[in-house]
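Participant: Quick one: the structure is below, and I'll ask about it shortly.
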Amino acid sequence: MDTIYALATARGKAGVAVVRLSGPLARAALTHLGADIPPARQAAVRHLYDAGGVLLDHALVLVFDAGASFTGEEVVELQLHGSPATVAAVLRALSAIEGLRLADPGEFTRRALENERLDLAQVEGLSDLIEAETEAQRRQALKVLSGSIGARAEVWRKQLIRAAALLEATIDFADEEVPVDVSPEVLELLAQVETDLTREANGVTAAERIRDGFEVAIIGPPNIGKSTLLNALAGREAAITSEYAGTTRDVIEVRMDLNGLPVTVLDTAGLRETTDVVEGIGIDRAMSRSAAADLRVFLMDREKSELALTPTDQDIVVYGKADHYTQQVEGAVSGLTGAGVSELIDRITAVLEKKAAGAAAMIRERHRIAILHALASIETARNQVLSGAERSELAAEDLRSAIRALDSLVGRVDVEHILDEIFASFCLGK
């Protein structure tokens, strides 16, 4: 493979900038920069020079042997003083060395995948970890990066291989009297795997929400204080407020972090009958987005509570403009004074935390589809086993299909068509 290099830290001024090299010429590149090669994994300060002998920087150099690095190849990391000029000078010097080239986006991680340092699910976890903005996202991404999906898939794989082997034994000895009926053990193995896979498939939606964010829609009649409440939740003037009904005509989104959970709060147009075409479009959007939201907060008027939408047990119902009441009203909030806002945030957080608690190790739609394919094959295999020993060969083939579906989770098969999409989101130094 080529030897690649790239800046692995963010561009701009910083205390330290890290330039990473990976490939068979990584060590040789260091000598081209006029530096002695330190022992593997022992950081050492070295003076770096360009081809003309001009001092580039005093860098902390770290070397990794092939097989013991992130990519699985020889890797050299140069920890430079983090000025843009220093980084640019070192990158220019590396570009002048024959056999080196600038890395493509995600190429370091792609090499880690190709060299079996990471499986495909771990690559996805690393991508999510880089993008993590909240504590829940960080924990979930780190769990995937640690190999939890691969570990679970391997357990299921071994159980299915055991079941297939038992069935194939009956095929091999079809002309002989097999002393033991293997179907009870096979059916038990299939039931165990099916239970686990069903639980994982059901938890993918919650895991996706942790990664992409929950949506909470504030809905209610016009001029009840929805935009003012949104501004109070956001801590800034995110939405225009006025005393005139119908001010909000589009869905306004505010990203928040609620106890580590990523949440997008939606301020929607007030729900009412209207002849205004533009306001009508806003109301239609409000209905559509609120239907798709993970949680709806109904901000109601105590005097006029009828709406086109009816709250359900899954919704939170509160009363708006608590500052207008002469006495305290339970469940009332005011974005203007802040009354009841903290309690509302606690209620929203509690509901979303309960949803997040059902999150599975699988975090993407790709994972759910692979699991559903495996489940379909397992169901077919079970029916074949129940039909009698003469269907063992068909059942074994169905189990091999289920195993292939599980293999796709970690990239043993069927990965090329998704690699480009995954690595397109990575930066050059990763």
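Order determines the names: the first chain of the structure tokens is A, the second B, and so forth; residues in each chain are numbered 1 upward, and ligands are numbered 1 upward as they are shown.
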Using only C-alpha atoms, determine which residues lie at most 9 Å from Glu185 in chain A, disregarding the query and same-chain residues fewer than 4 positions distant; provide the list as a count of residues only.
Facilitator: 5
Participant: Skipping near chain neighbours, those fewer than 6 positions away, what residues fall within 6 Å of range 120-130 of chain A using only C-alpha atoms, listed as a CSV table (one decimal) with N, CA, C and O atoms, in the first residue's frame?
Facilitator:
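Just written: out39.csv:
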chain,number,residue,atom,x,y,z
A,138,ARG,N,-22.0,9.8,23.3
A,138,ARG,CA,-20.7,9.3,23.5
A,138,ARG,C,-20.6,7.9,24.1
A,138,ARG,O,-19.9,7.1,23.6
A,141,ALA,N,-21.7,5.4,21.3
A,141,ALA,CA,-20.7,5.2,20.3
A,141,ALA,C,-19.5,4.4,20.8
A,141,ALA,O,-19.0,3.6,20.1
A,144,VAL,N,-20.2,0.7,20.9
A,144,VAL,CA,-20.1,0.1,19.6
A,144,VAL,C,-18.7,0.0,19.2
A,144,VAL,O,-18.2,-1.1,18.6
A,145,LEU,N,-17.9,1.0,19.4
A,145,LEU,CA,-16.5,1.0,19.0
A,145,LEU,C,-15.7,-0.1,19.8
A,145,LEU,O,-14.8,-0.6,19.2
A,147,GLY,N,-16.6,-3.0,20.3
A,147,GLY,CA,-16.8,-4.3,19.7
A,147,GLY,C,-18.0,-5.0,20.2
A,147,GLY,O,-18.1,-6.2,20.0
A,410,VAL,N,-20.8,-7.2,10.7
A,410,VAL,CA,-19.5,-6.8,11.1
A,410,VAL,C,-18.6,-6.7,9.8
A,410,VAL,O,-17.4,-6.5,9.9
A,411,GLY,N,-19.2,-6.9,8.6
A,411,GLY,CA,-18.4,-6.7,7.4
A,411,GLY,C,-17.7,-7.9,6.9
A,411,GLY,O,-16.8,-7.7,6.0
Participant: For the strand (DSSP E) assignment from backbone DSSP, which residues of range 36-270 of chain A qualify? Please present them as a PyMOL selection string.
Facilitator: chain A and resi 44-49+55-64+75-81+100-102+214-219+252-258+261-267
Participant: Name all residues at most 10 Å from Ala96 in chain A (count only C-alpha atoms; drop same-chain ones fewer than 5 positions away) and give them as a JSON list (two decimals) with N, CA and C atoms, in the first residue's frame.
Facilitator:
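Once written, selection_27.json looks like this:
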[["chain", "number", "residue", "atom", "x", "y", "z"],
["A", 32, "HIS", "N", 13.88, 11.15, 6.41],
["A", 32, "HIS", "CA", 13.92, 12.21, 5.40],
["A", 32, "HIS", "C", 13.76, 13.59, 6.05],
["A", 50, "ASP", "N", 13.36, 20.35, 6.64],
["A", 50, "ASP", "CA", 12.92, 20.10, 5.27],
["A", 50, "ASP", "C", 14.11, 19.66, 4.43],
["A", 51, "ALA", "N", 13.88, 19.45, 3.11],
["A", 51, "ALA", "CA", 14.94, 18.94, 2.24],
["A", 51, "ALA", "C", 16.12, 19.90, 2.14],
["A", 91, "LEU", "N", 3.65, 19.58, 6.32],
["A", 91, "LEU", "CA", 2.91, 18.89, 5.26],
["A", 91, "LEU", "C", 3.58, 19.09, 3.90],
["A", 101, "ARG", "N", 1.80, 10.21, -0.05],
["A", 101, "ARG", "CA", 0.70, 11.00, -0.60],
["A", 101, "ARG", "C", -0.27, 11.37, 0.51]]
Participant: Which of range 67-285 of chain A counts as helix (DSSP H, G or I) under DSSP, as a ChimeraX atom specification please?
Facilitator: /A:84-95,107-114,120-131,135-145,148-172,183-212,226-234,277-285
Participant: Record the distance separating CA of Gly82 in chain A and CA of Ala29 in chain A, expressed in Å with one decimal.
Facilitator: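 Between these atoms lies a distance of 20.4 Å.
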Participant: Nearest to Tyr325 in chain A: which of A:Arg302, A:Arg296, A:His58, A:Arg162 is it, counting only C-alpha atoms?
Facilitator: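 Among the listed residues, A:Arg302 lies closest to Tyr325 in chain A.
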Participant: Report, in Å to a single decimal, how far apart CA of Ala360 in chain A and CA of Ile161 in chain A are.
Facilitator: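 Answer for the CA of Ile161 in chain A to CA of Ala360 in chain A separation: 23.6 Å.
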Participant: Can you measure CA of Glu73 in chain A to CA of Leu30 in chain A for me? One decimal in Å is fine.
Facilitator: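 Taking CA of Glu73 in chain A and CA of Leu30 in chain A, their separation equals 15.3 Å.
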Participant: Set the distance at 12 Å and use only C-alpha atoms: which residues neighbour Thr264 in chain A once local chain neighbours fewer than 3 positions away are removed? I'd like the list as a PyMOL selection string.
Facilitator: chain A and resi 209-210+212-218+230+233-234+251-258+261+267+289+293-296+348+352
Participant: Give me, as number ranges by chain, all polymer residues having an atom no more than 12 Å from Glu98 in chain A, counting only C-alpha atoms and skipping those fewer than 4 positions away in the same chain.
Facilitator: A: 2-4, 25-26, 28-29, 32, 51, 93-94, 102
Participant: Include N, CA and C atoms and write out the residues we just selected as a compact mmCIF listing (two decimals), in the first residue's frame.
Facilitator:
# COMPACT_ATOMS: atom_id res chain seq x y z
N ASP A 2 0.29 2.35 -0.49
CA ASP A 2 0.98 3.64 -0.40
C ASP A 2 1.16 4.02 1.06
N THR A 3 2.13 4.88 1.29
CA THR A 3 2.25 5.50 2.60
C THR A 3 1.50 6.82 2.56
N ILE A 4 0.60 7.00 3.49
CA ILE A 4 -0.27 8.17 3.49
C ILE A 4 0.03 9.04 4.70
N LEU A 25 6.54 3.21 4.33
CA LEU A 25 7.60 4.23 4.32
C LEU A 25 7.47 5.23 5.46
N ALA A 26 6.63 4.92 6.45
CA ALA A 26 6.41 5.87 7.53
C ALA A 26 7.70 6.16 8.29
N ALA A 28 10.80 5.63 7.19
CA ALA A 28 11.76 6.26 6.28
C ALA A 28 11.46 7.74 6.11
N ALA A 29 10.17 8.10 6.14
CA ALA A 29 9.81 9.52 6.02
C ALA A 29 10.38 10.33 7.18
N HIS A 32 13.88 11.15 6.41
CA HIS A 32 13.92 12.21 5.40
C HIS A 32 13.76 13.59 6.05
N ALA A 51 13.88 19.45 3.11
CA ALA A 51 14.94 18.94 2.24
C ALA A 51 16.12 19.90 2.14
N ALA A 93 6.78 19.52 3.44
CA ALA A 93 7.99 18.68 3.46
C ALA A 93 7.64 17.22 3.21
N LEU A 94 6.54 16.75 3.76
CA LEU A 94 6.12 15.36 3.54
C LEU A 94 5.70 15.15 2.08
N LEU A 102 -1.04 12.43 0.26
CA LEU A 102 -2.05 12.87 1.23
C LEU A 102 -3.17 11.83 1.30
Participant: Counting only C-alpha atoms, what is within 12 Å of His324 in chain A, bar same-chain residues fewer than 6 positions away, as a list in words?
Facilitator: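 Contacts, with the query itself left out: Ile224, Gly225, Asp301, Arg302, Ala332, Val333, Ser334, Gly335, Leu336, Thr337 and Ala339 of chain A.
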Participant: Please produce a file of those selected residues containing N, CA and C atoms, as an mmCIF file, in the first residue's frame.
Facilitator:
data_model
loop_
_atom_site.group_PDB
_atom_site.id
_atom_site.type_symbol
_atom_site.label_atom_id
_atom_site.label_comp_id
_atom_site.auth_asym_id
_atom_site.auth_seq_id
_atom_site.Cartn_x
_atom_site.Cartn_y
_atom_site.Cartn_z
ATOM 1 N N ILE A 224 -50.786 30.921 22.505
ATOM 2 C CA ILE A 224 -50.849 30.313 23.831
ATOM 3 C C ILE A 224 -49.490 30.342 24.521
ATOM 4 N N GLY A 225 -48.448 30.781 23.770
ATOM 5 C CA GLY A 225 -47.124 30.895 24.374
ATOM 6 C C GLY A 225 -46.139 29.828 23.945
ATOM 7 N N ASP A 301 -55.040 25.884 26.400
ATOM 8 C CA ASP A 301 -55.729 27.007 27.033
ATOM 9 C C ASP A 301 -56.813 26.415 27.935
ATOM 10 N N ARG A 302 -56.795 26.758 29.209
ATOM 11 C CA ARG A 302 -57.768 26.173 30.142
ATOM 12 C C ARG A 302 -59.197 26.543 29.784
ATOM 13 N N ALA A 332 -49.325 24.187 34.870
ATOM 14 C CA ALA A 332 -49.255 25.404 34.060
ATOM 15 C C ALA A 332 -47.803 25.855 33.941
ATOM 16 N N VAL A 333 -47.450 26.416 32.773
ATOM 17 C CA VAL A 333 -46.093 26.902 32.537
ATOM 18 C C VAL A 333 -46.148 28.293 31.917
ATOM 19 N N SER A 334 -45.072 29.006 32.100
ATOM 20 C CA SER A 334 -44.936 30.328 31.488
ATOM 21 C C SER A 334 -43.514 30.478 30.978
ATOM 22 N N GLY A 335 -43.363 30.582 29.671
ATOM 23 C CA GLY A 335 -42.044 30.836 29.109
ATOM 24 C C GLY A 335 -41.563 32.223 29.441
ATOM 25 N N LEU A 336 -42.511 33.130 29.741
ATOM 26 C CA LEU A 336 -42.153 34.516 30.038
ATOM 27 C C LEU A 336 -41.500 34.644 31.403
ATOM 28 N N THR A 337 -42.094 34.015 32.426
ATOM 29 C CA THR A 337 -41.557 34.114 33.785
ATOM 30 C C THR A 337 -40.715 32.894 34.173
ATOM 31 N N ALA A 339 -42.055 30.061 35.105
ATOM 32 C CA ALA A 339 -42.840 29.235 36.020
ATOM 33 C C ALA A 339 -43.165 27.890 35.376
#
Participant: Go through A:Arg368, A:Arg157, A:Arg211, A:Lys321 and flag the residue nearest Thr198 in chain A, using only C-alpha atoms for the distances.
Facilitator: A:Arg368
